[in-house]
$ cat input-v3.cif   # mmCIF, C-alpha atoms
data_target
#
loop_
_atom_site.group_PDB
_atom_site.id
_atom_site.type_symbol
_atom_site.label_atom_id
_atom_site.label_comp_id
_atom_site.auth_asym_id
_atom_site.auth_seq_id
_atom_site.Cartn_x
_atom_site.Cartn_y
_atom_site.Cartn_z
ATOM 1 C CA MET E 1 35.704 9.816 68.056
ATOM 2 C CA LEU E 2 35.052 8.320 64.619
ATOM 3 C CA GLY E 3 38.572 6.896 64.626
ATOM 4 C CA VAL E 4 37.971 5.163 67.969
ATOM 5 C CA TRP E 5 34.765 3.546 66.722
ATOM 6 C CA SER E 6 36.468 2.489 63.510
ATOM 7 C CA SER E 7 39.270 0.871 65.494
ATOM 8 C CA LEU E 8 36.786 -0.973 67.719
ATOM 9 C CA VAL E 9 34.826 -2.261 64.714
ATOM 10 C CA ILE E 10 38.006 -3.411 62.956
ATOM 11 C CA THR E 11 39.197 -5.135 66.137
ATOM 12 C CA TYR E 12 35.819 -6.842 66.619
ATOM 13 C CA ILE E 13 35.726 -8.080 63.022
ATOM 14 C CA SER E 14 39.323 -9.293 63.203
ATOM 15 C CA VAL E 15 38.861 -11.172 66.493
ATOM 16 C CA SER E 16 35.595 -12.687 65.267
ATOM 17 C CA ALA E 17 37.265 -13.867 62.051
ATOM 18 C CA VAL E 18 40.164 -15.445 63.947
ATOM 19 C CA LEU E 19 37.859 -17.228 66.399
ATOM 20 C CA CYS E 20 35.633 -18.365 63.542
ATOM 21 C CA ARG E 21 38.641 -20.080 61.984
ATOM 22 C CA PHE E 22 40.218 -21.216 65.273
ATOM 23 C CA PRO E 23 37.353 -21.752 67.767
ATOM 24 C CA HIS E 24 39.566 -23.982 69.951
ATOM 25 C CA LEU E 25 41.177 -20.780 71.220
ATOM 26 C CA LEU E 26 37.963 -20.122 73.148
ATOM 27 C CA HIS E 27 35.959 -23.358 73.155
ATOM 28 C CA LYS E 28 36.788 -26.963 73.935
ATOM 29 C CA LYS E 29 35.969 -29.224 70.989
ATOM 30 C CA GLU E 30 33.120 -31.621 71.666
ATOM 31 C CA LYS E 31 33.941 -35.285 71.137
ATOM 32 C CA LEU E 32 31.066 -37.446 69.931
ATOM 33 C CA LYS E 33 31.007 -41.225 69.612
ATOM 34 C CA ILE E 34 28.843 -40.939 66.495
ATOM 35 C CA ASN E 35 30.553 -40.582 63.117
ATOM 36 C CA CYS E 36 28.022 -40.543 60.268
ATOM 37 C CA ARG E 37 28.061 -40.053 56.520
ATOM 38 C CA HIS E 38 24.928 -41.969 55.513
ATOM 39 C CA ILE E 39 21.580 -41.444 57.288
ATOM 40 C CA SER E 40 18.374 -43.222 56.300
ATOM 41 C CA HIS E 41 15.378 -40.904 56.666
ATOM 42 C CA ARG E 42 12.494 -42.806 58.291
ATOM 43 C CA GLY E 43 14.543 -45.897 57.525
ATOM 44 C CA GLY E 44 14.521 -45.121 53.790
ATOM 45 C CA ALA E 45 10.957 -44.102 52.970
ATOM 46 C CA GLY E 46 11.506 -44.321 49.221
ATOM 47 C CA GLU E 47 12.567 -47.955 49.202
ATOM 48 C CA ASN E 48 10.398 -49.490 51.932
ATOM 49 C CA LEU E 49 7.400 -48.438 53.956
ATOM 50 C CA GLU E 50 8.620 -45.682 56.244
ATOM 51 C CA ASN E 51 9.523 -46.391 59.863
ATOM 52 C CA THR E 52 9.020 -50.170 59.582
ATOM 53 C CA MET E 53 11.416 -52.864 60.745
ATOM 54 C CA THR E 54 11.797 -53.995 57.120
ATOM 55 C CA ALA E 55 12.897 -50.489 56.149
ATOM 56 C CA PHE E 56 15.421 -50.361 58.991
ATOM 57 C CA ARG E 57 16.876 -53.784 58.130
ATOM 58 C CA HIS E 58 17.184 -52.824 54.474
ATOM 59 C CA ALA E 59 18.915 -49.529 55.308
ATOM 60 C CA ILE E 60 21.413 -51.328 57.539
ATOM 61 C CA ALA E 61 22.069 -53.829 54.745
ATOM 62 C CA GLN E 62 22.986 -50.823 52.562
ATOM 63 C CA GLY E 63 25.560 -49.768 55.128
ATOM 64 C CA THR E 64 23.727 -46.818 56.625
ATOM 65 C CA ASP E 65 25.484 -45.157 59.566
ATOM 66 C CA MET E 66 22.344 -43.912 61.303
ATOM 67 C CA LEU E 67 18.581 -44.435 61.281
ATOM 68 C CA GLU E 68 16.429 -41.312 61.447
ATOM 69 C CA ILE E 69 13.165 -42.046 63.258
ATOM 70 C CA ASP E 70 10.182 -40.307 64.837
ATOM 71 C CA VAL E 71 8.456 -41.336 68.050
ATOM 72 C CA GLN E 72 4.875 -40.969 69.261
ATOM 73 C CA LEU E 73 2.953 -42.182 72.320
ATOM 74 C CA THR E 74 -0.055 -44.512 72.157
ATOM 75 C CA LYS E 75 -3.123 -44.221 74.355
ATOM 76 C CA ASP E 76 -1.803 -47.020 76.597
ATOM 77 C CA GLY E 77 1.601 -45.337 76.979
ATOM 78 C CA GLN E 78 3.722 -47.233 74.453
ATOM 79 C CA VAL E 79 6.506 -45.369 72.599
ATOM 80 C CA VAL E 80 6.101 -46.196 68.911
ATOM 81 C CA VAL E 81 8.026 -45.261 65.790
ATOM 82 C CA SER E 82 5.867 -43.126 63.499
ATOM 83 C CA HIS E 83 6.187 -39.701 61.919
ATOM 84 C CA ASP E 84 2.483 -38.827 62.190
ATOM 85 C CA ASP E 85 0.198 -39.013 65.194
ATOM 86 C CA SER E 86 -2.717 -39.056 62.748
ATOM 87 C CA LEU E 87 -3.302 -42.429 61.099
ATOM 88 C CA THR E 88 -4.994 -40.935 58.039
ATOM 89 C CA ARG E 89 -1.957 -40.655 55.760
ATOM 90 C CA THR E 90 -0.314 -43.966 56.585
ATOM 91 C CA SER E 91 -3.311 -46.197 57.313
ATOM 92 C CA SER E 92 -6.366 -44.401 55.856
ATOM 93 C CA VAL E 93 -7.992 -44.522 59.288
ATOM 94 C CA ASP E 94 -9.679 -41.451 60.762
ATOM 95 C CA SER E 95 -8.017 -41.708 64.157
ATOM 96 C CA SER E 96 -4.712 -41.042 65.867
ATOM 97 C CA ILE E 97 -1.973 -42.969 67.609
ATOM 98 C CA SER E 98 -2.454 -40.991 70.809
ATOM 99 C CA GLN E 99 -6.093 -42.113 70.963
ATOM 100 C CA THR E 100 -5.414 -45.787 70.155
ATOM 101 C CA ASP E 101 -3.963 -48.629 72.244
ATOM 102 C CA TYR E 102 -0.880 -50.207 70.687
ATOM 103 C CA ASN E 103 -2.488 -53.586 69.968
ATOM 104 C CA ASP E 104 -5.351 -51.828 68.168
ATOM 105 C CA LEU E 105 -3.176 -49.812 65.783
ATOM 106 C CA PRO E 106 -4.022 -50.530 62.119
ATOM 107 C CA ASP E 107 -1.503 -51.766 59.566
ATOM 108 C CA ILE E 108 0.329 -49.295 57.347
ATOM 109 C CA ASN E 109 -0.950 -48.989 53.763
ATOM 110 C CA SER E 110 0.910 -50.919 51.057
ATOM 111 C CA THR E 111 1.511 -47.688 49.103
ATOM 112 C CA LEU E 112 2.679 -44.397 50.574
ATOM 113 C CA ASP E 113 3.725 -41.107 49.025
ATOM 114 C CA VAL E 114 7.399 -40.295 49.505
ATOM 115 C CA THR E 115 7.092 -36.958 51.280
ATOM 116 C CA PHE E 116 10.307 -35.386 49.985
ATOM 117 C CA SER E 117 10.234 -36.881 46.476
ATOM 118 C CA TYR E 118 7.280 -35.156 44.921
ATOM 119 C CA GLY E 119 5.184 -37.391 42.676
ATOM 120 C CA ARG E 120 6.904 -40.577 43.812
ATOM 121 C CA GLN E 121 5.402 -43.388 45.820
ATOM 122 C CA CYS E 122 6.743 -46.358 47.738
ATOM 123 C CA GLU E 123 4.887 -49.575 47.003
ATOM 124 C CA SER E 124 5.569 -52.613 49.164
ATOM 125 C CA THR E 125 4.594 -56.267 48.920
ATOM 126 C CA SER E 126 6.126 -56.951 52.332
ATOM 127 C CA SER E 127 3.915 -58.427 55.029
ATOM 128 C CA ASP E 128 5.606 -56.091 57.515
ATOM 129 C CA LYS E 129 3.089 -53.275 57.871
ATOM 130 C CA ARG E 130 3.155 -52.962 61.645
ATOM 131 C CA ILE E 131 4.024 -49.717 63.443
ATOM 132 C CA PRO E 132 6.977 -50.816 65.612
ATOM 133 C CA LEU E 133 7.822 -49.982 69.181
ATOM 134 C CA LEU E 134 10.955 -47.993 69.910
ATOM 135 C CA LYS E 135 11.887 -50.938 72.107
ATOM 136 C CA ASP E 136 11.851 -53.186 68.999
ATOM 137 C CA LEU E 137 14.601 -51.095 67.398
ATOM 138 C CA LEU E 138 16.670 -50.938 70.553
ATOM 139 C CA ASP E 139 16.417 -54.717 70.938
ATOM 140 C CA GLU E 140 17.303 -55.591 67.350
ATOM 141 C CA PHE E 141 19.881 -52.880 66.618
ATOM 142 C CA PRO E 142 21.767 -52.390 69.911
ATOM 143 C CA THR E 143 24.682 -50.447 68.402
ATOM 144 C CA MET E 144 23.105 -48.638 65.440
ATOM 145 C CA PRO E 145 23.068 -44.850 66.008
ATOM 146 C CA LEU E 146 19.574 -43.391 66.088
ATOM 147 C CA ASN E 147 18.422 -39.898 65.201
ATOM 148 C CA ILE E 148 15.253 -39.515 67.249
ATOM 149 C CA ASP E 149 12.692 -36.793 66.596
ATOM 150 C CA VAL E 150 10.362 -36.663 69.609
ATOM 151 C CA LYS E 151 7.307 -35.433 67.776
ATOM 152 C CA LYS E 152 5.153 -34.025 70.578
ATOM 153 C CA ASN E 153 5.540 -31.786 73.588
ATOM 154 C CA ASN E 154 4.282 -34.564 75.844
ATOM 155 C CA ASP E 155 6.001 -35.070 79.201
ATOM 156 C CA GLU E 156 5.204 -38.789 79.303
ATOM 157 C CA LEU E 157 6.573 -39.330 75.782
ATOM 158 C CA ILE E 158 9.744 -37.405 76.623
ATOM 159 C CA GLU E 159 10.256 -39.227 79.921
ATOM 160 C CA LYS E 160 9.630 -42.701 78.500
ATOM 161 C CA THR E 161 11.880 -42.094 75.494
ATOM 162 C CA VAL E 162 14.776 -40.994 77.677
ATOM 163 C CA ASP E 163 14.145 -43.849 80.118
ATOM 164 C CA LEU E 164 14.363 -46.365 77.262
ATOM 165 C CA LEU E 165 17.660 -44.866 76.114
ATOM 166 C CA HIS E 166 18.985 -45.218 79.664
ATOM 167 C CA GLN E 167 17.676 -48.774 79.952
ATOM 168 C CA TYR E 168 19.531 -49.784 76.778
ATOM 169 C CA LYS E 169 22.598 -47.661 77.598
ATOM 170 C CA ARG E 170 22.244 -45.693 74.380
ATOM 171 C CA GLN E 171 23.032 -42.209 75.698
ATOM 172 C CA ASP E 172 26.185 -41.899 73.571
ATOM 173 C CA THR E 173 24.843 -43.276 70.281
ATOM 174 C CA VAL E 174 21.771 -41.152 69.713
ATOM 175 C CA CYS E 175 20.807 -37.672 68.634
ATOM 176 C CA VAL E 176 17.523 -36.439 70.117
ATOM 177 C CA GLY E 177 15.412 -33.359 69.655
ATOM 178 C CA ASN E 178 12.543 -31.644 67.907
ATOM 179 C CA PHE E 179 11.950 -28.563 65.761
ATOM 180 C CA GLY E 180 10.289 -26.965 68.765
ATOM 181 C CA HIS E 181 12.560 -25.593 71.456
ATOM 182 C CA LYS E 182 10.182 -26.613 74.269
ATOM 183 C CA VAL E 183 10.609 -30.327 73.537
ATOM 184 C CA THR E 184 14.345 -29.991 73.042
ATOM 185 C CA ASP E 185 14.703 -28.043 76.297
ATOM 186 C CA LYS E 186 12.767 -30.703 78.204
ATOM 187 C CA LEU E 187 14.910 -33.478 76.734
ATOM 188 C CA HIS E 188 18.042 -31.592 77.722
ATOM 189 C CA LYS E 189 16.769 -31.010 81.261
ATOM 190 C CA LYS E 190 15.771 -34.660 81.577
ATOM 191 C CA ASP E 191 19.347 -35.721 80.722
ATOM 192 C CA PRO E 192 21.906 -32.987 79.919
ATOM 193 C CA ARG E 193 24.370 -35.672 78.745
ATOM 194 C CA LEU E 194 22.225 -36.689 75.772
ATOM 195 C CA PRO E 195 23.545 -35.334 72.456
ATOM 196 C CA PHE E 196 20.801 -33.161 70.997
ATOM 197 C CA MET E 197 20.066 -31.075 67.931
ATOM 198 C CA PHE E 198 19.391 -27.378 67.436
ATOM 199 C CA SER E 199 15.693 -26.463 67.496
ATOM 200 C CA VAL E 200 14.368 -24.078 64.844
ATOM 201 C CA LYS E 201 14.514 -21.227 67.347
ATOM 202 C CA ARG E 202 18.159 -21.988 68.060
ATOM 203 C CA VAL E 203 18.987 -22.311 64.349
ATOM 204 C CA ILE E 204 17.632 -18.806 63.813
ATOM 205 C CA GLN E 205 19.643 -17.554 66.781
ATOM 206 C CA ILE E 206 22.931 -18.999 65.562
ATOM 207 C CA MET E 207 22.290 -17.743 62.037
ATOM 208 C CA VAL E 208 21.828 -14.189 63.382
ATOM 209 C CA ALA E 209 24.892 -14.621 65.594
ATOM 210 C CA PHE E 210 26.936 -15.908 62.657
ATOM 211 C CA TYR E 211 26.078 -13.079 60.291
ATOM 212 C CA THR E 212 26.700 -10.467 62.992
ATOM 213 C CA GLY E 213 30.036 -12.019 63.974
ATOM 214 C CA LEU E 214 28.904 -13.032 67.471
ATOM 215 C CA LEU E 215 28.807 -16.803 66.987
ATOM 216 C CA PRO E 216 32.512 -17.478 67.662
ATOM 217 C CA PHE E 217 32.135 -15.918 71.120
ATOM 218 C CA LEU E 218 29.057 -17.925 72.163
ATOM 219 C CA PRO E 219 29.076 -21.274 74.013
ATOM 220 C CA LEU E 220 26.919 -23.948 72.358
ATOM 221 C CA GLU E 221 25.323 -26.913 74.123
ATOM 222 C CA GLU E 222 23.960 -28.645 71.019
ATOM 223 C CA SER E 223 25.845 -31.438 69.242
ATOM 224 C CA PHE E 224 24.083 -31.534 65.855
ATOM 225 C CA LEU E 225 22.930 -28.981 63.317
ATOM 226 C CA GLU E 226 20.163 -30.594 61.256
ATOM 227 C CA ILE E 227 18.703 -28.376 58.563
ATOM 228 C CA PRO E 228 16.516 -28.870 55.486
ATOM 229 C CA PHE E 229 17.941 -28.744 51.987
ATOM 230 C CA PRO E 230 15.959 -25.856 50.452
ATOM 231 C CA ARG E 231 16.668 -26.910 46.868
ATOM 232 C CA SER E 232 14.675 -30.089 47.417
ATOM 233 C CA ILE E 233 11.708 -28.003 48.557
ATOM 234 C CA ALA E 234 12.076 -25.637 45.593
ATOM 235 C CA LYS E 235 11.704 -28.576 43.192
ATOM 236 C CA ASN E 236 8.130 -29.115 44.336
ATOM 237 C CA PRO E 237 5.917 -27.758 41.529
ATOM 238 C CA GLY E 238 3.251 -27.024 44.130
ATOM 239 C CA VAL E 239 5.373 -24.370 45.827
ATOM 240 C CA MET E 240 4.035 -20.932 44.907
ATOM 241 C CA VAL E 241 6.336 -18.398 43.235
ATOM 242 C CA ASN E 242 6.478 -16.152 46.309
ATOM 243 C CA TRP E 243 7.320 -19.095 48.557
ATOM 244 C CA ARG E 244 9.878 -20.346 46.042
ATOM 245 C CA PHE E 245 11.654 -16.991 46.339
ATOM 246 C CA LEU E 246 11.749 -17.339 50.141
ATOM 247 C CA VAL E 247 13.057 -20.896 49.796
ATOM 248 C CA LEU E 248 15.903 -19.651 47.601
ATOM 249 C CA ILE E 249 16.706 -16.928 50.166
ATOM 250 C CA ALA E 250 16.789 -19.631 52.852
ATOM 251 C CA ASP E 251 19.110 -21.660 50.636
ATOM 252 C CA TRP E 252 21.478 -18.713 50.299
ATOM 253 C CA LEU E 253 21.511 -18.061 54.054
ATOM 254 C CA LEU E 254 21.495 -21.631 55.397
ATOM 255 C CA MET E 255 23.767 -23.440 52.955
ATOM 256 C CA CYS E 256 26.913 -21.698 54.181
ATOM 257 C CA PRO E 257 30.171 -23.714 54.182
ATOM 258 C CA THR E 258 31.917 -21.140 56.406
ATOM 259 C CA LEU E 259 29.273 -21.601 59.089
ATOM 260 C CA PHE E 260 29.476 -25.374 58.748
ATOM 261 C CA ARG E 261 33.287 -25.365 59.029
ATOM 262 C CA HIS E 262 33.121 -23.320 62.219
ATOM 263 C CA LEU E 263 30.611 -25.655 63.853
ATOM 264 C CA GLN E 264 32.538 -28.739 62.746
ATOM 265 C CA ARG E 265 35.740 -27.352 64.256
ATOM 266 C CA ARG E 266 33.796 -27.119 67.523
ATOM 267 C CA GLY E 267 32.817 -30.785 67.220
ATOM 268 C CA ILE E 268 29.238 -30.106 66.088
ATOM 269 C CA GLN E 269 28.128 -32.347 63.228
ATOM 270 C CA VAL E 270 26.169 -30.937 60.282
ATOM 271 C CA TYR E 271 23.367 -32.983 58.714
ATOM 272 C CA VAL E 272 21.193 -31.965 55.748
ATOM 273 C CA TRP E 273 17.763 -33.432 54.968
ATOM 274 C CA THR E 274 16.097 -34.762 52.895
ATOM 275 C CA VAL E 275 18.332 -35.266 49.847
ATOM 276 C CA ASN E 276 17.158 -37.799 47.263
ATOM 277 C CA GLU E 277 18.922 -36.897 44.009
ATOM 278 C CA GLU E 278 22.538 -37.824 43.314
ATOM 279 C CA GLU E 279 23.432 -34.357 42.024
ATOM 280 C CA ASP E 280 22.181 -32.847 45.284
ATOM 281 C CA MET E 281 24.101 -35.427 47.305
ATOM 282 C CA ALA E 282 27.248 -34.447 45.413
ATOM 283 C CA PHE E 283 26.626 -30.760 46.142
ATOM 284 C CA CYS E 284 26.116 -31.416 49.865
ATOM 285 C CA TYR E 285 29.267 -33.493 50.287
ATOM 286 C CA GLU E 286 31.606 -31.855 47.790
ATOM 287 C CA GLN E 287 30.597 -28.186 47.984
ATOM 288 C CA LEU E 288 29.022 -27.774 51.408
ATOM 289 C CA LYS E 289 31.257 -30.426 53.051
ATOM 290 C CA VAL E 290 28.493 -31.555 55.403
ATOM 291 C CA ASP E 291 29.098 -34.501 57.705
ATOM 292 C CA ALA E 292 26.089 -36.493 56.541
ATOM 293 C CA VAL E 293 23.040 -36.484 54.321
ATOM 294 C CA MET E 294 19.617 -37.866 55.215
ATOM 295 C CA THR E 295 17.902 -39.639 52.350
ATOM 296 C CA ASP E 296 14.755 -41.597 51.550
ATOM 297 C CA TYR E 297 16.851 -43.714 49.159
ATOM 298 C CA PRO E 298 19.648 -45.429 51.117
ATOM 299 C CA THR E 299 20.668 -47.531 48.102
ATOM 300 C CA VAL E 300 21.199 -44.436 45.939
ATOM 301 C CA LEU E 301 23.234 -42.733 48.645
ATOM 302 C CA ARG E 302 25.324 -45.867 49.199
ATOM 303 C CA GLN E 303 26.059 -46.106 45.480
ATOM 304 C CA TYR E 304 27.139 -42.458 45.409
ATOM 305 C CA LEU E 305 29.424 -42.864 48.447
ATOM 306 C CA ASN E 306 30.926 -46.067 47.060
ATOM 307 C CA LYS E 307 31.638 -44.266 43.783
ATOM 308 C CA GLN E 308 33.359 -41.408 45.612
ATOM 309 C CA GLU E 309 35.422 -43.822 47.706
ATOM 310 C CA ALA E 310 36.546 -45.602 44.534
ATOM 311 C CA ILE E 311 37.591 -42.297 42.971
ATOM 312 C CA CYS E 312 39.599 -41.402 46.090
ATOM 313 C CA LEU E 313 41.365 -44.776 46.012
ATOM 314 C CA ASP E 314 42.247 -44.373 42.340
ATOM 315 C CA GLU E 315 43.665 -40.894 43.005
ATOM 316 C CA LYS E 316 45.836 -42.232 45.837
ATOM 317 C CA LYS E 317 47.222 -44.981 43.615
ATOM 318 C CA GLN E 318 48.235 -42.525 40.892
#

$ encode --input "input-v3.cif" --output "structure tokens"
Amino acid sequence: MLGVWSSLVITYISVSAVLCRFPHLLHKKEKLKINCRHISHRGGAGENLENTMTAFRHAIAQGTDMLEIDVQLTKDGQVVVSHDDSLTRTSSVDSSISQTDYNDLPDINSTLDVTFSYGRQCESTSSDKRIPLLKDLLDEFPTMPLNIDVKKNNDELIEKTVDLLHQYKRQDTVCVGNFGHKVTDKLHKKDPRLPFMFSVKRVIQIMVAFYTGLLPFLPLEESFLEIPFPRSIAKNPGVMVNWRFLVLIADWLLMCPTLFRHLQRRGIQVYVWTVNEEEDMAFCYEQLKVDAVMTDYPTVLRQYLNKQEAICLDEKKQ
């Protein structure tokens, strides 16, 4: 009996390993129209005020491949680009976007903390301090891929966001989703053709499936794996020792090139956020082999990518 079980386990492990390396034997590779290396987080929150039109224009001037944005809904039903519903952090106003009409929204402060670069701030002398409409981006940047985080489980926000993407025929050049599976599920039900990201719940599920060997057998509907870069979080001096240990465990489990290769062979793109130091960018591209990095500093990322491209050209000439 023990021999039978041993044979079954060996067969299972062997088949799982083969399908992990050659998933096309079981799954059709997804073909996306998006091909990204450089993603500007909130438009580049370290170089311009986050989620402003000035930030987006600057990121595009640096050759970004995608703009990462967040959307909220105003009291009068306008879809706006803002990470927070609360206006306290960005405008020092004790109110919220959801309780304010669009025309009454306050300007963004001239100085904001850079959320993922601890101790750093972005100071701007630009007159552009307006929270923009999602429509503004779609009008001005008709072909620029957008990574859209729908921040709230709000049916009107979800419906209006998807309707705008349909209106501008942007179904093939966006990635939509949310950390919460309820929002992501609603987006998928609203339009199953929209490319969407794994929710946190689904990330946990695929991690368990990967480490138990089940992942190669499972169909996947998502198009993008977007995960945090734990080493950036660990650099925060405010993170307690116990939490730092958990962050390092998450780094060990999440930052897995074998997992990434498997997903990429299935046509699923792997993005890591938010990476602001050049040494971390190098690790993500050269060691982890991710498809793209999200950064608050689009100029720094562009300089790194240009440097790598120059090295590759020199090697080809030799």

$ residues_around --input "input-v3.cif" --residues "segment 26-28 of chain E" --least-positions-apart "4" --cutoff "12 Å" --atoms "only C-alpha atoms" --output "JSON, numbers by chain"
{"E": [15, 16, 18, 19, 20, 21, 22, 215, 216, 217, 218, 219, 220, 221, 262, 263, 265, 266, 267, 268]}

$ closest_atom_pairs --input "input-v3.cif" --of "segment 191-288 of chain E" --to "segment 144-164 of chain E" --cutoff "12 Å" --atoms "all atoms listed in the file" --output "Markdown table"
| residue | atom | partner | partner_atom | distance |
| --- | --- | --- | --- | --- |
| E:Asp191 | CA | E:Val162 | CA | 7.6 |
| E:Pro192 | CA | E:Val162 | CA | 11.0 |
| E:Arg193 | CA | E:Val162 | CA | 11.0 |
| E:Leu194 | CA | E:Val162 | CA | 8.8 |
| E:Pro195 | CA | E:Asn147 | CA | 10.0 |
| E:Phe196 | CA | E:Asn147 | CA | 9.2 |
| E:Met197 | CA | E:Asn147 | CA | 9.4 |
| E:Phe198 | CA | E:Asp149 | CA | 11.6 |
| E:Ser199 | CA | E:Asp149 | CA | 10.8 |
| E:Ser223 | CA | E:Asn147 | CA | 12.0 |
| E:Phe224 | CA | E:Asn147 | CA | 10.1 |
| E:Leu225 | CA | E:Asn147 | CA | 12.0 |
| E:Glu226 | CA | E:Asn147 | CA | 10.3 |
| E:Tyr271 | CA | E:Asn147 | CA | 10.7 |

$ resolve_selection --input "input-v3.cif" --expression "the PyMOL selection byres ((chain E and resi 288) around 8)" --output "VMD selection string"
chain E and resid 255 to 257 260 283 to 287 289 to 290

$ residues_near_point --input "input-v3.cif" --point "(-7.5, -48.9, 59.9)" --cutoff "6 Å" --atoms "all atoms listed in the file" --output "list in words"
Ser91, Val93 and Pro106 of chain E

$ write_last_selection --input "input-v3.cif" --atoms "C-alpha atoms" --output "tab-separated table (two decimals), in the coordinates of the input"
chain	number	residue	atom	x	y	z
E	91	SER	CA	-3.31	-46.20	57.31
E	93	VAL	CA	-7.99	-44.52	59.29
E	106	PRO	CA	-4.02	-50.53	62.12

$ closest_residue --input "input-v3.cif" --among "E:Asn306, E:Ser14, E:Thr54, E:Thr274" --to "Ser40 of chain E" --atoms "only C-alpha atoms"
E:Thr274

$ residues_near_point --input "input-v3.cif" --point "(15.6, -36.4, 52.3)" --cutoff "12 Å" --atoms "only C-alpha atoms" --output "MDAnalysis selection string"
chainID E and resid 38:46 68 114:118 226:233 271:278 280:281 284 292:298 300:301

$ write_last_selection --input "input-v3.cif" --atoms "C-alpha atoms" --output "PDB file, in the coordinates of the input"
ATOM      1  CA  HIS E  38      24.928 -41.969  55.513  1.00  0.00           C
ATOM      2  CA  ILE E  39      21.580 -41.444  57.288  1.00  0.00           C
ATOM      3  CA  SER E  40      18.374 -43.222  56.300  1.00  0.00           C
ATOM      4  CA  HIS E  41      15.378 -40.904  56.666  1.00  0.00           C
ATOM      5  CA  ARG E  42      12.494 -42.806  58.291  1.00  0.00           C
ATOM      6  CA  GLY E  43      14.543 -45.897  57.525  1.00  0.00           C
ATOM      7  CA  GLY E  44      14.521 -45.121  53.790  1.00  0.00           C
ATOM      8  CA  ALA E  45      10.957 -44.102  52.970  1.00  0.00           C
ATOM      9  CA  GLY E  46      11.506 -44.321  49.221  1.00  0.00           C
ATOM     10  CA  GLU E  68      16.429 -41.312  61.447  1.00  0.00           C
ATOM     11  CA  VAL E 114       7.399 -40.295  49.505  1.00  0.00           C
ATOM     12  CA  THR E 115       7.092 -36.958  51.280  1.00  0.00           C
ATOM     13  CA  PHE E 116      10.307 -35.386  49.985  1.00  0.00           C
ATOM     14  CA  SER E 117      10.234 -36.881  46.476  1.00  0.00           C
ATOM     15  CA  TYR E 118       7.280 -35.156  44.921  1.00  0.00           C
ATOM     16  CA  GLU E 226      20.163 -30.594  61.256  1.00  0.00           C
ATOM     17  CA  ILE E 227      18.703 -28.376  58.563  1.00  0.00           C
ATOM     18  CA  PRO E 228      16.516 -28.870  55.486  1.00  0.00           C
ATOM     19  CA  PHE E 229      17.941 -28.744  51.987  1.00  0.00           C
ATOM     20  CA  PRO E 230      15.959 -25.856  50.452  1.00  0.00           C
ATOM     21  CA  ARG E 231      16.668 -26.910  46.868  1.00  0.00           C
ATOM     22  CA  SER E 232      14.675 -30.089  47.417  1.00  0.00           C
ATOM     23  CA  ILE E 233      11.708 -28.003  48.557  1.00  0.00           C
ATOM     24  CA  TYR E 271      23.367 -32.983  58.714  1.00  0.00           C
ATOM     25  CA  VAL E 272      21.193 -31.965  55.748  1.00  0.00           C
ATOM     26  CA  TRP E 273      17.763 -33.432  54.968  1.00  0.00           C
ATOM     27  CA  THR E 274      16.097 -34.762  52.895  1.00  0.00           C
ATOM     28  CA  VAL E 275      18.332 -35.266  49.847  1.00  0.00           C
ATOM     29  CA  ASN E 276      17.158 -37.799  47.263  1.00  0.00           C
ATOM     30  CA  GLU E 277      18.922 -36.897  44.009  1.00  0.00           C
ATOM     31  CA  GLU E 278      22.538 -37.824  43.314  1.00  0.00           C
ATOM     32  CA  ASP E 280      22.181 -32.847  45.284  1.00  0.00           C
ATOM     33  CA  MET E 281      24.101 -35.427  47.305  1.00  0.00           C
ATOM     34  CA  CYS E 284      26.116 -31.416  49.865  1.00  0.00           C
ATOM     35  CA  ALA E 292      26.089 -36.493  56.541  1.00  0.00           C
ATOM     36  CA  VAL E 293      23.040 -36.484  54.321  1.00  0.00           C
ATOM     37  CA  MET E 294      19.617 -37.866  55.215  1.00  0.00           C
ATOM     38  CA  THR E 295      17.902 -39.639  52.350  1.00  0.00           C
ATOM     39  CA  ASP E 296      14.755 -41.597  51.550  1.00  0.00           C
ATOM     40  CA  TYR E 297      16.851 -43.714  49.159  1.00  0.00           C
ATOM     41  CA  PRO E 298      19.648 -45.429  51.117  1.00  0.00           C
ATOM     42  CA  VAL E 300      21.199 -44.436  45.939  1.00  0.00           C
ATOM     43  CA  LEU E 301      23.234 -42.733  48.645  1.00  0.00           C
TER      44      LEU E 301
END

$ residues_around --input "input-v3.cif" --residues "Asp139 of chain E" --least-positions-apart "6" --cutoff "12 Å" --atoms "all atoms listed in the file" --output "PDB file with C-alpha atoms, in the coordinates of the input"
ATOM      1  CA  MET E  53      11.416 -52.864  60.745  1.00  0.00           C
ATOM      2  CA  PRO E 132       6.977 -50.816  65.612  1.00  0.00           C
ATOM      3  CA  LEU E 133       7.822 -49.982  69.181  1.00  0.00           C
ATOM      4  CA  LEU E 164      14.363 -46.365  77.262  1.00  0.00           C
ATOM      5  CA  LEU E 165      17.660 -44.866  76.114  1.00  0.00           C
ATOM      6  CA  GLN E 167      17.676 -48.774  79.952  1.00  0.00           C
ATOM      7  CA  TYR E 168      19.531 -49.784  76.778  1.00  0.00           C
ATOM      8  CA  LYS E 169      22.598 -47.661  77.598  1.00  0.00           C
ATOM      9  CA  ARG E 170      22.244 -45.693  74.380  1.00  0.00           C
TER      10      ARG E 170
END

$ closest_residue --input "input-v3.cif" --among "E:Leu73, E:Ile34, E:Ala250, E:Val200" --to "Leu105 of chain E" --atoms "only C-alpha atoms"
E:Leu73

$ closest_residue --input "input-v3.cif" --among "E:Ser96, E:Tyr12, E:Val80, E:Met66" --to "Arg130 of chain E" --atoms "only C-alpha atoms"
E:Val80

$ closest_residue --input "input-v3.cif" --among "E:Asp136, E:Asp113, E:Asp291, E:Asp65" --to "Val81 of chain E" --atoms "only C-alpha atoms"
E:Asp136
